[in-house]
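Chemist: Below is the structure I would like to discuss, written out as C-alpha cells.
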Protein chains: 2
Amino acid sequence: MTYLLGIDGGGTACRAALADLNGNVIGIGRSGSANIMTDMNTARLNILDATEAAFKAAGIDAAASGTVFAVLGLAGANVGGNGAKLEALLPFQKSLVYSDGLIALQGALGDHDGTVVILGTGSAYVTRLGNDIRFAGGWGFKVSDLGGGARLGRDALEETLLAYDRFHRRSLMTDAIMERFGGNPHRIVQFAHSATPSDFGTFAPLVFEYASKNDEVALALLDKTLAQIEEGLDAIMPDTGMRLSLLGGLGALYGARLSPHYRAILQAPSNDALTGAVQLAARNFASREVAHG
Amino acid sequence: MTYLLGIDGGGTACRAALADLNGNVIGIGRSGSANIMTDMNTARLNILDATEAAFKAAGIDAAASGTVFAVLGLAGANVGGNGAKLEALLPFQKSLVYSDGLIALQGALGDHDGTVVILGTGSAYVTRLGNDIRFAGGWGFKVSDLGGGARLGRDALEETLLAYDRFHRRSLMTDAIMERFGGNPHRIVQFAHSATPSDFGTFAPLVFEYASKNDEVALALLDKTLAQIEEGLDAIMPDTGMRLSLLGGLGALYGARLSPHYRAILQAPSNDALTGAVQLAARNFASREVAHG
C-alpha cells in the first residue's frame with residue numbers, strides 16, 4: 001500500500017480524497033454522479049475520474065492508484081449485493097464499499113457512539129453503539145424520507161392547493177408559492193407531474209424562511225415534520241447519553257427547532273462524509289497491518 | 001338531430017351511450033383510454049370507437065353519428081382549453097365537453113343540488129347550488145387527491161416501512177404487506193419507484209379490510225384520511241340541507257365511516273356518470289329546441 005483513498009459518491013457528484021497512510025489528506029478530486037443503484041458502470045467511471053483528479057491535485061502520478069487502500073461510501077451499497085459487485089470491479093489494491101450513511105456518521109462523530117440524521121433531499125438515520133451499526137429510514141421519496149427536503153417541499157405545494165380550494169387556510173407562504181406559478185394551480189400540477197425529488201426540495205427552504213416569520217402554514221408543516229423526525233429519534237436512540245448530529249442541507253435548520261432534550265445533546269458534525277471515508281480507510285488499514293504484521 | 005350521445009371518458013376506458021331524443025338509452029359501447037390531457041388524438045379515436053360500438057349495439061348504422069347531439073364528460077376538460085379543442089375535432093352535429101366530475105354529479109344527484117366526492121384512484125369534489133358549480137381537489141396523486149386510493153395505498157406502504165424500522169408499531173396489516181414483498185423492504189422501494197397511482201391504489205382495499213378487523217394501523221390511516229375528506233366537505237358544503245354522495249370504488253367504503261352528521265345526508269348515487277352525460281345531453285337538447293323553436 002502506498003496511499004489511502006476515501007470516496008464519497010452520491011446521485012449528483014463523486015468526491016475522492018487521497019491521503020497518506022496516517023490519514024492526512026494530500027489531494028481532493030471531484031467528478032459526476034456515482035449512483036450504483038441506477039448505473040453501476042457510470043458510477044465506476046466517475047469514481048476513477050475523481051480518483052485521478054485527487055492524484056493530480058496531490059501532484060502524484062495516478063499510475064499509483066493500483067496500490068491504494070480505498071474506502072467508498074455510496075448510496076445503495078447495502079442493496080442486493082451492489083457493494084460487493086463494485087468492489088470486484090475496482091482496480092485498487094483493496095476496496096471496501098460502505099453505505100453513504102456510514103461514512104457520514106464516521107465524519108460527524110469520529111469514533112464516538114451516537115446517531116446522525118441526514119436531512120438533505122431525502123432523510124436517513126444511522127446510529128452506532130460499539131460495533132453495532134443500525135440504519136433506518138432513507139427508503140426514498142415515494143414511500144419514506146420523512147423530513148427530507150423533497151417531502152417538505154411537496155407538502156408545501158399540497159398546502160398551496162388546499163388553500164386555493166379553501167380546504168385549508170391561506171398564508172403568506174401559500175400566496176408566495178401560488179405567485180411563483182402565476183396564480184395558476186394547473187401550473188403546480190404540471191410542475192409536480194415531472195418534478196424530481198430535488199425539484200420538490202427547492203421549496204423546502206421557503207418553509208423554514210416563512211416559519212421564521214411565524215407563518216402559520218409553514219409552522220404547522222414543520223411541527224408535523226419535526227414530530228416525524230423525533231419519532232425516528234425516539235425509536236433509534238438507546239436511552240444512554242449519546243451524541244446526535246443532524247447533517248445535510250436542512251440539518252442545521254431542523255436542529256434549531258428540535259425539542260429541548262434533543263437540542264441538549266446536539267453537536268455540530270466534526271467532519272464531512274469524505275473525511276469519514278478517509279478515517280475508515282486509515283482505521284481499516286491500521287487494523288489490517290496489525291493483523292497481517 | 002336524430003339521437004343523443006353521452007360519453008364518459010377516463011384514463012382506462014371510454015364508454016358511450018346512444019339515446020333517443022327523450023334520453024332513453026338504446027345502445028352502449030366501450031373502448032380504450034380517453035385522457036385528453038395526455039393524448040388528445042388517442043382520446044378522439046377512442047371516443048369515435050365507443051360511439052360506433054354504441055350504434056352497433058343499438059342496431060343502427062353508425063353513418064348517422066354525424067347527426068347526434070353529444071355531451072362528453074372527460075378528465076381535464078377544464079384545463080388549458082382542452083375541452084374546446086376537442087369539441088372542434090369531433091364529427092358530431094353538436095358536441096359539449098364537460099369535466100368528468102360534472103357528469104358524475106349529474107348522474108348521482110340528477111337535477112338536485114348537492115355535493116359528490118369521487119373517491120377512486122384519485123379524489124375530487126363537485127358541488128352544485130342552482131347554476132353555481134364548484135370543483136375542488138382532484139389535482140392529482142403527487143400533490144393532491146387526499147383520500148384517493150393511490151394516496152391511501154401509498155400511506156400503507158409507508159407505514160409498513162416505518163414499522164420495519166420500528167419507528168411506528170407493526171400490525172397484522174403491515175405484516176401482511178411486508179409478506180407480499182417477501183419480507184424485503186427493498187422490494188417495496190423497487191415497487192414504489194415505478195408504481196403508477198393505480199398500482200399504489202391496489203393496496204387501498206387492504207386498509208379497509210384490516211380496519212374492519214380493528215387493525216390499529218389501518219384504523220389510524222383511515223382516521224387521518226376521513227378527517228381530510230371531511231375537511232373538504234366542511235369547506236365545500238354550504239350549510240343548507242344538501243345531498244351528498246360518495247362515488248368511485250372507495251365511495252361506499254368511506255361512506256360507512258363518515259361522521260354521523262354527514263352519514264345522515266348521504267345518499268346512494270341515483271345513476272352513474274354515463275347516465276349523467278345522457279341526462280345533460282337531453283336537458284341541453286331540450287333547452288336548445290325551446291330556444292330555437
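In the C-alpha cells, the first chain shown is A, the next is B, and so on; residue numbers restart at 1 for each chain, and ligands run from 1 in the order shown.
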With a cut-off of 8 Å and counting only C-alpha atoms, select all residues of chain B in contact with chain A and give the selection as a compact mmCIF listing (two decimals) with N, CA and C atoms, in the first residue's frame.
Modeler:
# COMPACT_ATOMS: atom_id res chain seq x y z
N VAL B 79 -58.98 22.14 -18.36
CA VAL B 79 -57.57 22.55 -18.31
C VAL B 79 -57.13 23.10 -19.67
N ALA B 136 -63.35 21.09 -6.61
CA ALA B 136 -62.21 21.23 -5.68
C ALA B 136 -61.47 19.91 -5.61
N GLY B 137 -60.23 19.99 -5.14
CA GLY B 137 -59.41 18.78 -5.08
C GLY B 137 -59.12 18.26 -6.48
N TRP B 139 -56.32 17.43 -7.94
CA TRP B 139 -55.14 17.94 -8.63
C TRP B 139 -54.09 16.87 -8.89
N GLY B 140 -54.42 15.63 -8.60
CA GLY B 140 -53.51 14.53 -8.94
C GLY B 140 -52.78 13.95 -7.74
N LYS B 142 -49.64 13.38 -7.01
CA LYS B 142 -48.39 13.92 -6.47
C LYS B 142 -48.62 14.97 -5.38
N VAL B 143 -49.59 15.86 -5.58
CA VAL B 143 -49.76 17.00 -4.67
C VAL B 143 -51.21 17.18 -4.22
N SER B 144 -52.05 16.17 -4.42
CA SER B 144 -53.47 16.34 -4.07
C SER B 144 -54.09 14.96 -3.92
N ARG B 154 -50.37 4.19 -0.90
CA ARG B 154 -49.01 4.66 -0.65
C ARG B 154 -48.77 4.79 0.85
N ASP B 155 -49.74 5.39 1.56
CA ASP B 155 -49.63 5.52 3.01
C ASP B 155 -49.40 4.16 3.67
N LEU B 157 -47.97 1.53 2.42
CA LEU B 157 -46.58 1.09 2.19
C LEU B 157 -45.62 1.86 3.10
N GLU B 158 -45.86 3.16 3.24
CA GLU B 158 -45.01 3.98 4.12
C GLU B 158 -45.08 3.45 5.56
N LEU B 161 -42.98 0.35 6.00
CA LEU B 161 -41.54 0.63 6.17
C LEU B 161 -41.27 1.27 7.53
N LEU B 162 -42.16 2.13 8.00
CA LEU B 162 -41.97 2.73 9.34
C LEU B 162 -42.04 1.64 10.41
N ASP B 165 -38.77 -0.30 10.37
CA ASP B 165 -37.72 0.46 11.07
C ASP B 165 -38.02 0.62 12.56
N ARG B 166 -39.17 0.12 13.00
CA ARG B 166 -39.62 0.26 14.39
C ARG B 166 -39.85 1.70 14.79
N PHE B 167 -40.12 2.56 13.82
CA PHE B 167 -40.50 3.95 14.14
C PHE B 167 -41.97 4.00 14.53
N HIS B 168 -42.78 3.15 13.89
CA HIS B 168 -44.19 3.01 14.24
C HIS B 168 -44.44 1.55 14.58
N HIS B 186 -36.52 -3.63 0.51
CA HIS B 186 -36.00 -3.11 -0.76
C HIS B 186 -36.97 -3.39 -1.90
N VAL B 189 -39.39 -0.62 -2.01
CA VAL B 189 -38.77 0.55 -2.64
C VAL B 189 -38.76 0.40 -4.15
N ALA B 192 -42.27 0.88 -5.47
CA ALA B 192 -42.69 2.29 -5.40
C ALA B 192 -42.01 3.12 -6.48
N HIS B 193 -40.78 2.74 -6.82
CA HIS B 193 -40.01 3.50 -7.78
C HIS B 193 -40.75 3.63 -9.11
N GLU B 231 -62.67 17.56 6.07
CA GLU B 231 -62.19 18.95 5.92
C GLU B 231 -62.66 19.52 4.60
N GLY B 232 -62.56 18.70 3.56
CA GLY B 232 -63.03 19.13 2.24
C GLY B 232 -64.54 19.39 2.25
N ASP B 234 -66.45 20.06 4.85
CA ASP B 234 -66.74 21.24 5.68
C ASP B 234 -66.57 22.52 4.86
N ALA B 235 -65.54 22.50 3.99
CA ALA B 235 -65.24 23.71 3.22
C ALA B 235 -66.21 23.90 2.05
N ILE B 236 -66.61 22.80 1.44
CA ILE B 236 -67.33 22.91 0.17
C ILE B 236 -68.85 22.85 0.32
Chemist: Based on the backbone DSSP call, show me all residues of range 6-73 of chain A assigned strand (DSSP E or B), as a list in words.
Modeler: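 Across range 6-73 of chain A, those assigned strand (DSSP E or B) are Gly6, Ile7, Asp8, Gly9, Cys14, Arg15, Ala16, Ala17, Leu18, Ala19, Val25, Ile26, Gly27, Ile28, Gly29, Arg30, Ser31, Phe69, Ala70, Val71, Leu72 and Gly73 of chain A.
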Chemist: Once you have the residues from the selection above, write them out as an mmCIF file, in the first residue's frame, restricted to N, CA, C and O atoms.
Modeler:
data_model
loop_
_atom_site.group_PDB
_atom_site.id
_atom_site.type_symbol
_atom_site.label_atom_id
_atom_site.label_comp_id
_atom_site.auth_asym_id
_atom_site.auth_seq_id
_atom_site.Cartn_x
_atom_site.Cartn_y
_atom_site.Cartn_z
ATOM 1 N N GLY A 6 -10.304 7.901 0.106
ATOM 2 C CA GLY A 6 -11.692 7.959 0.564
ATOM 3 C C GLY A 6 -12.570 8.448 -0.579
ATOM 4 O O GLY A 6 -12.176 9.354 -1.325
ATOM 5 N N ILE A 7 -13.735 7.820 -0.734
ATOM 6 C CA ILE A 7 -14.672 8.225 -1.797
ATOM 7 C C ILE A 7 -16.047 8.490 -1.174
ATOM 8 O O ILE A 7 -16.549 7.677 -0.399
ATOM 9 N N ASP A 8 -16.617 9.640 -1.528
ATOM 10 C CA ASP A 8 -17.992 9.947 -1.132
ATOM 11 C C ASP A 8 -18.796 10.128 -2.420
ATOM 12 O O ASP A 8 -18.656 11.126 -3.115
ATOM 13 N N GLY A 9 -19.594 9.114 -2.750
ATOM 14 C CA GLY A 9 -20.300 9.146 -4.036
ATOM 15 C C GLY A 9 -21.802 9.261 -3.847
ATOM 16 O O GLY A 9 -22.386 8.554 -3.032
ATOM 17 N N CYS A 14 -19.369 12.888 -7.186
ATOM 18 C CA CYS A 14 -18.485 11.942 -6.511
ATOM 19 C C CYS A 14 -17.228 12.707 -6.101
ATOM 20 O O CYS A 14 -16.651 13.438 -6.910
ATOM 21 N N ARG A 15 -16.817 12.575 -4.848
ATOM 22 C CA ARG A 15 -15.584 13.221 -4.395
ATOM 23 C C ARG A 15 -14.606 12.169 -3.908
ATOM 24 O O ARG A 15 -14.997 11.155 -3.319
ATOM 25 N N ALA A 16 -13.327 12.413 -4.184
ATOM 26 C CA ALA A 16 -12.273 11.495 -3.763
ATOM 27 C C ALA A 16 -11.239 12.263 -2.961
ATOM 28 O O ALA A 16 -10.893 13.395 -3.311
ATOM 29 N N ALA A 17 -10.763 11.682 -1.869
ATOM 30 C CA ALA A 17 -9.679 12.282 -1.081
ATOM 31 C C ALA A 17 -8.535 11.287 -0.993
ATOM 32 O O ALA A 17 -8.714 10.165 -0.516
ATOM 33 N N LEU A 18 -7.360 11.712 -1.480
ATOM 34 C CA LEU A 18 -6.164 10.884 -1.375
ATOM 35 C C LEU A 18 -5.438 11.273 -0.091
ATOM 36 O O LEU A 18 -5.333 12.466 0.231
ATOM 37 N N ALA A 19 -4.992 10.284 0.662
ATOM 38 C CA ALA A 19 -4.355 10.564 1.955
ATOM 39 C C ALA A 19 -3.130 9.687 2.128
ATOM 40 O O ALA A 19 -3.009 8.631 1.491
ATOM 41 N N VAL A 25 -4.890 14.087 4.463
ATOM 42 C CA VAL A 25 -5.333 14.277 3.075
ATOM 43 C C VAL A 25 -4.308 15.106 2.302
ATOM 44 O O VAL A 25 -3.849 16.153 2.777
ATOM 45 N N ILE A 26 -3.941 14.623 1.094
ATOM 46 C CA ILE A 26 -2.950 15.342 0.285
ATOM 47 C C ILE A 26 -3.502 15.782 -1.074
ATOM 48 O O ILE A 26 -2.853 16.522 -1.804
ATOM 49 N N GLY A 27 -4.743 15.342 -1.400
ATOM 50 C CA GLY A 27 -5.339 15.789 -2.665
ATOM 51 C C GLY A 27 -6.806 15.405 -2.743
ATOM 52 O O GLY A 27 -7.188 14.327 -2.289
ATOM 53 N N ILE A 28 -7.598 16.311 -3.298
ATOM 54 C CA ILE A 28 -9.036 16.043 -3.429
ATOM 55 C C ILE A 28 -9.452 16.197 -4.887
ATOM 56 O O ILE A 28 -9.007 17.110 -5.587
ATOM 57 N N GLY A 29 -10.293 15.286 -5.373
ATOM 58 C CA GLY A 29 -10.791 15.356 -6.745
ATOM 59 C C GLY A 29 -12.296 15.194 -6.767
ATOM 60 O O GLY A 29 -12.893 14.720 -5.798
ATOM 61 N N ARG A 30 -12.866 15.577 -7.872
ATOM 62 C CA ARG A 30 -14.322 15.600 -7.965
ATOM 63 C C ARG A 30 -14.757 15.162 -9.360
ATOM 64 O O ARG A 30 -14.074 15.418 -10.346
ATOM 65 N N SER A 31 -15.919 14.488 -9.444
ATOM 66 C CA SER A 31 -16.476 14.133 -10.750
ATOM 67 C C SER A 31 -17.993 14.060 -10.637
ATOM 68 O O SER A 31 -18.564 14.564 -9.676
ATOM 69 N N PHE A 69 -5.417 1.758 -0.765
ATOM 70 C CA PHE A 69 -6.395 1.102 0.101
ATOM 71 C C PHE A 69 -7.597 2.044 0.159
ATOM 72 O O PHE A 69 -7.489 3.143 0.689
ATOM 73 N N ALA A 70 -8.719 1.624 -0.433
ATOM 74 C CA ALA A 70 -9.833 2.551 -0.621
ATOM 75 C C ALA A 70 -11.044 2.195 0.233
ATOM 76 O O ALA A 70 -11.393 1.019 0.375
ATOM 77 N N VAL A 71 -11.651 3.224 0.804
ATOM 78 C CA VAL A 71 -12.972 3.070 1.424
ATOM 79 C C VAL A 71 -13.944 3.979 0.690
ATOM 80 O O VAL A 71 -13.696 5.186 0.551
ATOM 81 N N LEU A 72 -15.024 3.392 0.194
ATOM 82 C CA LEU A 72 -16.015 4.136 -0.576
ATOM 83 C C LEU A 72 -17.351 4.158 0.175
ATOM 84 O O LEU A 72 -17.819 3.112 0.632
ATOM 85 N N GLY A 73 -17.936 5.317 0.300
ATOM 86 C CA GLY A 73 -19.277 5.431 0.876
ATOM 87 C C GLY A 73 -20.262 5.784 -0.220
ATOM 88 O O GLY A 73 -20.144 6.839 -0.840
#
Chemist: List the neighbours of Leu206 in chain B out to 10 Å using only C-alpha atoms; skip same-chain residues closer than 2 positions along the sequence, and give me the result as JSON, numbers by chain.
Modeler: {"B": [152, 153, 156, 173, 176, 177, 201, 202, 203, 204, 208, 209, 210, 211, 212, 218]}
Chemist: Restrict the selected residues to N, CA, C and O atoms and save them as a PDB file, in the first residue's frame.
Modeler:
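The result, written out as again08.pdb:
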ATOM      1  N   LEU B 152     -53.924   6.506  -0.295  1.00  0.00           N
ATOM      2  CA  LEU B 152     -54.138   5.603   0.833  1.00  0.00           C
ATOM      3  C   LEU B 152     -53.231   4.373   0.732  1.00  0.00           C
ATOM      4  O   LEU B 152     -52.633   3.935   1.731  1.00  0.00           O
ATOM      5  N   GLY B 153     -53.114   3.821  -0.478  1.00  0.00           N
ATOM      6  CA  GLY B 153     -52.245   2.667  -0.672  1.00  0.00           C
ATOM      7  C   GLY B 153     -50.783   3.014  -0.424  1.00  0.00           C
ATOM      8  O   GLY B 153     -50.042   2.255   0.207  1.00  0.00           O
ATOM      9  N   ALA B 156     -50.109   3.144   3.193  1.00  0.00           N
ATOM     10  CA  ALA B 156     -49.985   1.816   3.793  1.00  0.00           C
ATOM     11  C   ALA B 156     -48.571   1.261   3.597  1.00  0.00           C
ATOM     12  O   ALA B 156     -48.012   0.623   4.496  1.00  0.00           O
ATOM     13  N   MET B 173     -51.770  -5.808   9.444  1.00  0.00           N
ATOM     14  CA  MET B 173     -51.772  -5.245   8.093  1.00  0.00           C
ATOM     15  C   MET B 173     -50.347  -5.008   7.589  1.00  0.00           C
ATOM     16  O   MET B 173     -50.018  -5.395   6.456  1.00  0.00           O
ATOM     17  N   ALA B 176     -48.803  -8.233   6.753  1.00  0.00           N
ATOM     18  CA  ALA B 176     -49.337  -8.824   5.520  1.00  0.00           C
ATOM     19  C   ALA B 176     -48.721  -8.150   4.298  1.00  0.00           C
ATOM     20  O   ALA B 176     -48.385  -8.810   3.307  1.00  0.00           O
ATOM     21  N   ILE B 177     -48.578  -6.827   4.355  1.00  0.00           N
ATOM     22  CA  ILE B 177     -47.981  -6.121   3.217  1.00  0.00           C
ATOM     23  C   ILE B 177     -46.516  -6.514   3.067  1.00  0.00           C
ATOM     24  O   ILE B 177     -46.032  -6.797   1.964  1.00  0.00           O
ATOM     25  N   GLY B 201     -52.819   2.249  -5.646  1.00  0.00           N
ATOM     26  CA  GLY B 201     -54.211   2.081  -5.260  1.00  0.00           C
ATOM     27  C   GLY B 201     -54.607   0.646  -4.979  1.00  0.00           C
ATOM     28  O   GLY B 201     -55.583   0.395  -4.264  1.00  0.00           O
ATOM     29  N   THR B 202     -53.852  -0.315  -5.517  1.00  0.00           N
ATOM     30  CA  THR B 202     -54.208  -1.719  -5.278  1.00  0.00           C
ATOM     31  C   THR B 202     -54.103  -2.086  -3.793  1.00  0.00           C
ATOM     32  O   THR B 202     -54.658  -3.090  -3.371  1.00  0.00           O
ATOM     33  N   PHE B 203     -53.381  -1.268  -3.006  1.00  0.00           N
ATOM     34  CA  PHE B 203     -53.256  -1.562  -1.569  1.00  0.00           C
ATOM     35  C   PHE B 203     -54.362  -0.910  -0.733  1.00  0.00           C
ATOM     36  O   PHE B 203     -54.475  -1.191   0.459  1.00  0.00           O
ATOM     37  N   ALA B 204     -55.171  -0.038  -1.342  1.00  0.00           N
ATOM     38  CA  ALA B 204     -56.196   0.667  -0.566  1.00  0.00           C
ATOM     39  C   ALA B 204     -57.273  -0.269  -0.001  1.00  0.00           C
ATOM     40  O   ALA B 204     -57.637  -0.131   1.177  1.00  0.00           O
ATOM     41  N   PHE B 208     -58.999  -0.960   4.207  1.00  0.00           N
ATOM     42  CA  PHE B 208     -60.379  -1.110   4.687  1.00  0.00           C
ATOM     43  C   PHE B 208     -60.616  -2.509   5.261  1.00  0.00           C
ATOM     44  O   PHE B 208     -61.291  -2.661   6.268  1.00  0.00           O
ATOM     45  N   GLU B 209     -60.033  -3.501   4.599  1.00  0.00           N
ATOM     46  CA  GLU B 209     -60.215  -4.883   5.061  1.00  0.00           C
ATOM     47  C   GLU B 209     -59.667  -5.039   6.487  1.00  0.00           C
ATOM     48  O   GLU B 209     -60.350  -5.568   7.360  1.00  0.00           O
ATOM     49  N   TYR B 210     -58.449  -4.542   6.710  1.00  0.00           N
ATOM     50  CA  TYR B 210     -57.861  -4.689   8.047  1.00  0.00           C
ATOM     51  C   TYR B 210     -58.518  -3.758   9.064  1.00  0.00           C
ATOM     52  O   TYR B 210     -58.604  -4.084  10.246  1.00  0.00           O
ATOM     53  N   ALA B 211     -58.978  -2.598   8.614  1.00  0.00           N
ATOM     54  CA  ALA B 211     -59.693  -1.704   9.539  1.00  0.00           C
ATOM     55  C   ALA B 211     -60.953  -2.392  10.065  1.00  0.00           C
ATOM     56  O   ALA B 211     -61.305  -2.251  11.237  1.00  0.00           O
ATOM     57  N   SER B 212     -61.607  -3.165   9.202  1.00  0.00           N
ATOM     58  CA  SER B 212     -62.829  -3.850   9.639  1.00  0.00           C
ATOM     59  C   SER B 212     -62.514  -4.931  10.674  1.00  0.00           C
ATOM     60  O   SER B 212     -63.395  -5.391  11.387  1.00  0.00           O
ATOM     61  N   ALA B 218     -54.296   0.305  10.343  1.00  0.00           N
ATOM     62  CA  ALA B 218     -55.307   0.572   9.313  1.00  0.00           C
ATOM     63  C   ALA B 218     -56.318   1.599   9.807  1.00  0.00           C
ATOM     64  O   ALA B 218     -56.681   2.536   9.081  1.00  0.00           O
TER      65      ALA B 218
END
Chemist: Just want the 8 Å neighbourhood of Gly114 in chain B, counted on only C-alpha atoms, with same-chain residues fewer than 4 positions away dropped. Output as a PDB file with N, CA and C atoms, in the first residue's frame.
Modeler:
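Final file, around.pdb:
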ATOM      1  N   LEU B 109     -76.846  12.817  -8.576  1.00  0.00           N
ATOM      2  CA  LEU B 109     -77.858  13.656  -7.912  1.00  0.00           C
ATOM      3  C   LEU B 109     -79.018  14.030  -8.818  1.00  0.00           C
ATOM      4  N   THR B 127     -69.635  20.328  -6.365  1.00  0.00           N
ATOM      5  CA  THR B 127     -70.843  20.726  -5.650  1.00  0.00           C
ATOM      6  C   THR B 127     -71.667  21.647  -6.544  1.00  0.00           C
ATOM      7  N   ARG B 128     -72.984  21.529  -6.447  1.00  0.00           N
ATOM      8  CA  ARG B 128     -73.883  22.342  -7.267  1.00  0.00           C
ATOM      9  C   ARG B 128     -74.910  23.011  -6.369  1.00  0.00           C
ATOM     10  N   LEU B 129     -75.075  24.302  -6.566  1.00  0.00           N
ATOM     11  CA  LEU B 129     -76.119  25.049  -5.875  1.00  0.00           C
ATOM     12  C   LEU B 129     -76.752  25.929  -6.957  1.00  0.00           C
ATOM     13  N   MET B 237     -69.364  22.321   1.435  1.00  0.00           N
ATOM     14  CA  MET B 237     -70.813  22.175   1.591  1.00  0.00           C
ATOM     15  C   MET B 237     -71.397  23.442   2.217  1.00  0.00           C
ATOM     16  N   MET B 242     -78.104  19.912   2.146  1.00  0.00           N
ATOM     17  CA  MET B 242     -77.825  19.422   0.791  1.00  0.00           C
ATOM     18  C   MET B 242     -77.679  17.911   0.762  1.00  0.00           C
ATOM     19  N   ARG B 243     -77.742  17.389  -0.437  1.00  0.00           N
ATOM     20  CA  ARG B 243     -77.477  15.967  -0.637  1.00  0.00           C
ATOM     21  C   ARG B 243     -75.979  15.728  -0.737  1.00  0.00           C
ATOM     22  N   LEU B 244     -75.566  14.520  -0.409  1.00  0.00           N
ATOM     23  CA  LEU B 244     -74.156  14.132  -0.512  1.00  0.00           C
ATOM     24  C   LEU B 244     -74.086  12.701  -1.016  1.00  0.00           C
TER      25      LEU B 244
END
Chemist: Counting only C-alpha atoms, what is within 12 Å of Ala84 in chain A, bar same-chain residues fewer than 2 positions away, as a list in words?
Modeler: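 Skipping anything fewer than 2 positions along the chain leaves Ile36, Met40, Leu72, Leu74, Gly76, Ala77, Asn78, Val79, Gly80, Gly81, Asn82, Leu86, Glu87, Ala88, Leu89, Leu90, Ser95, Leu96, Val97, Tyr98 and Ser99 of chain A.
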Chemist: Could you check which of A:Ile103, A:Thr121, A:Tyr3, A:Asp175 is closest to Gly66 in chain A, using only C-alpha atoms?
Modeler: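 Among the listed residues, the smallest separation from Gly66 in chain A belongs to A:Tyr3.
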Chemist: Rounded to one decimal, what separation in Å do you get between CA of Gln106 in chain B and CA of Thr42 in chain B?
Modeler: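 Computing it gives 26.1 Å between the two atoms.
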Chemist: List the spatial neighbours of Gly251 in chain B as a VMD selection string - criterion: any atom at most 10 Å away, only C-alpha atoms, same-chain residues fewer than 3 positions off excluded.
Modeler: chain B and resid 116 to 120 123 147 to 148 245 to 248 254 to 256 268
Chemist: Quick one: of B:Asn41, B:Tyr262, B:Leu4, B:Leu221, who's nearest to Asn24 in chain B, counting only C-alpha atoms?
Modeler: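 Among the listed residues, B:Leu4 lies closest to Asn24 in chain B.
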Chemist: As an exercise, work out the distance from CA of Lys94 in chain B to CA of Asp113 in chain B in Å and give it to one decimal place.
Modeler: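 That distance, rounded to one decimal, is 26.7 Å.
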Chemist: Quick one: distance from CA of Arg169 in chain B to CA of Phe200 in chain A in Å, one decimal?
Modeler: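 Taking CA of Arg169 in chain B and CA of Phe200 in chain A, their separation equals 28.9 Å.
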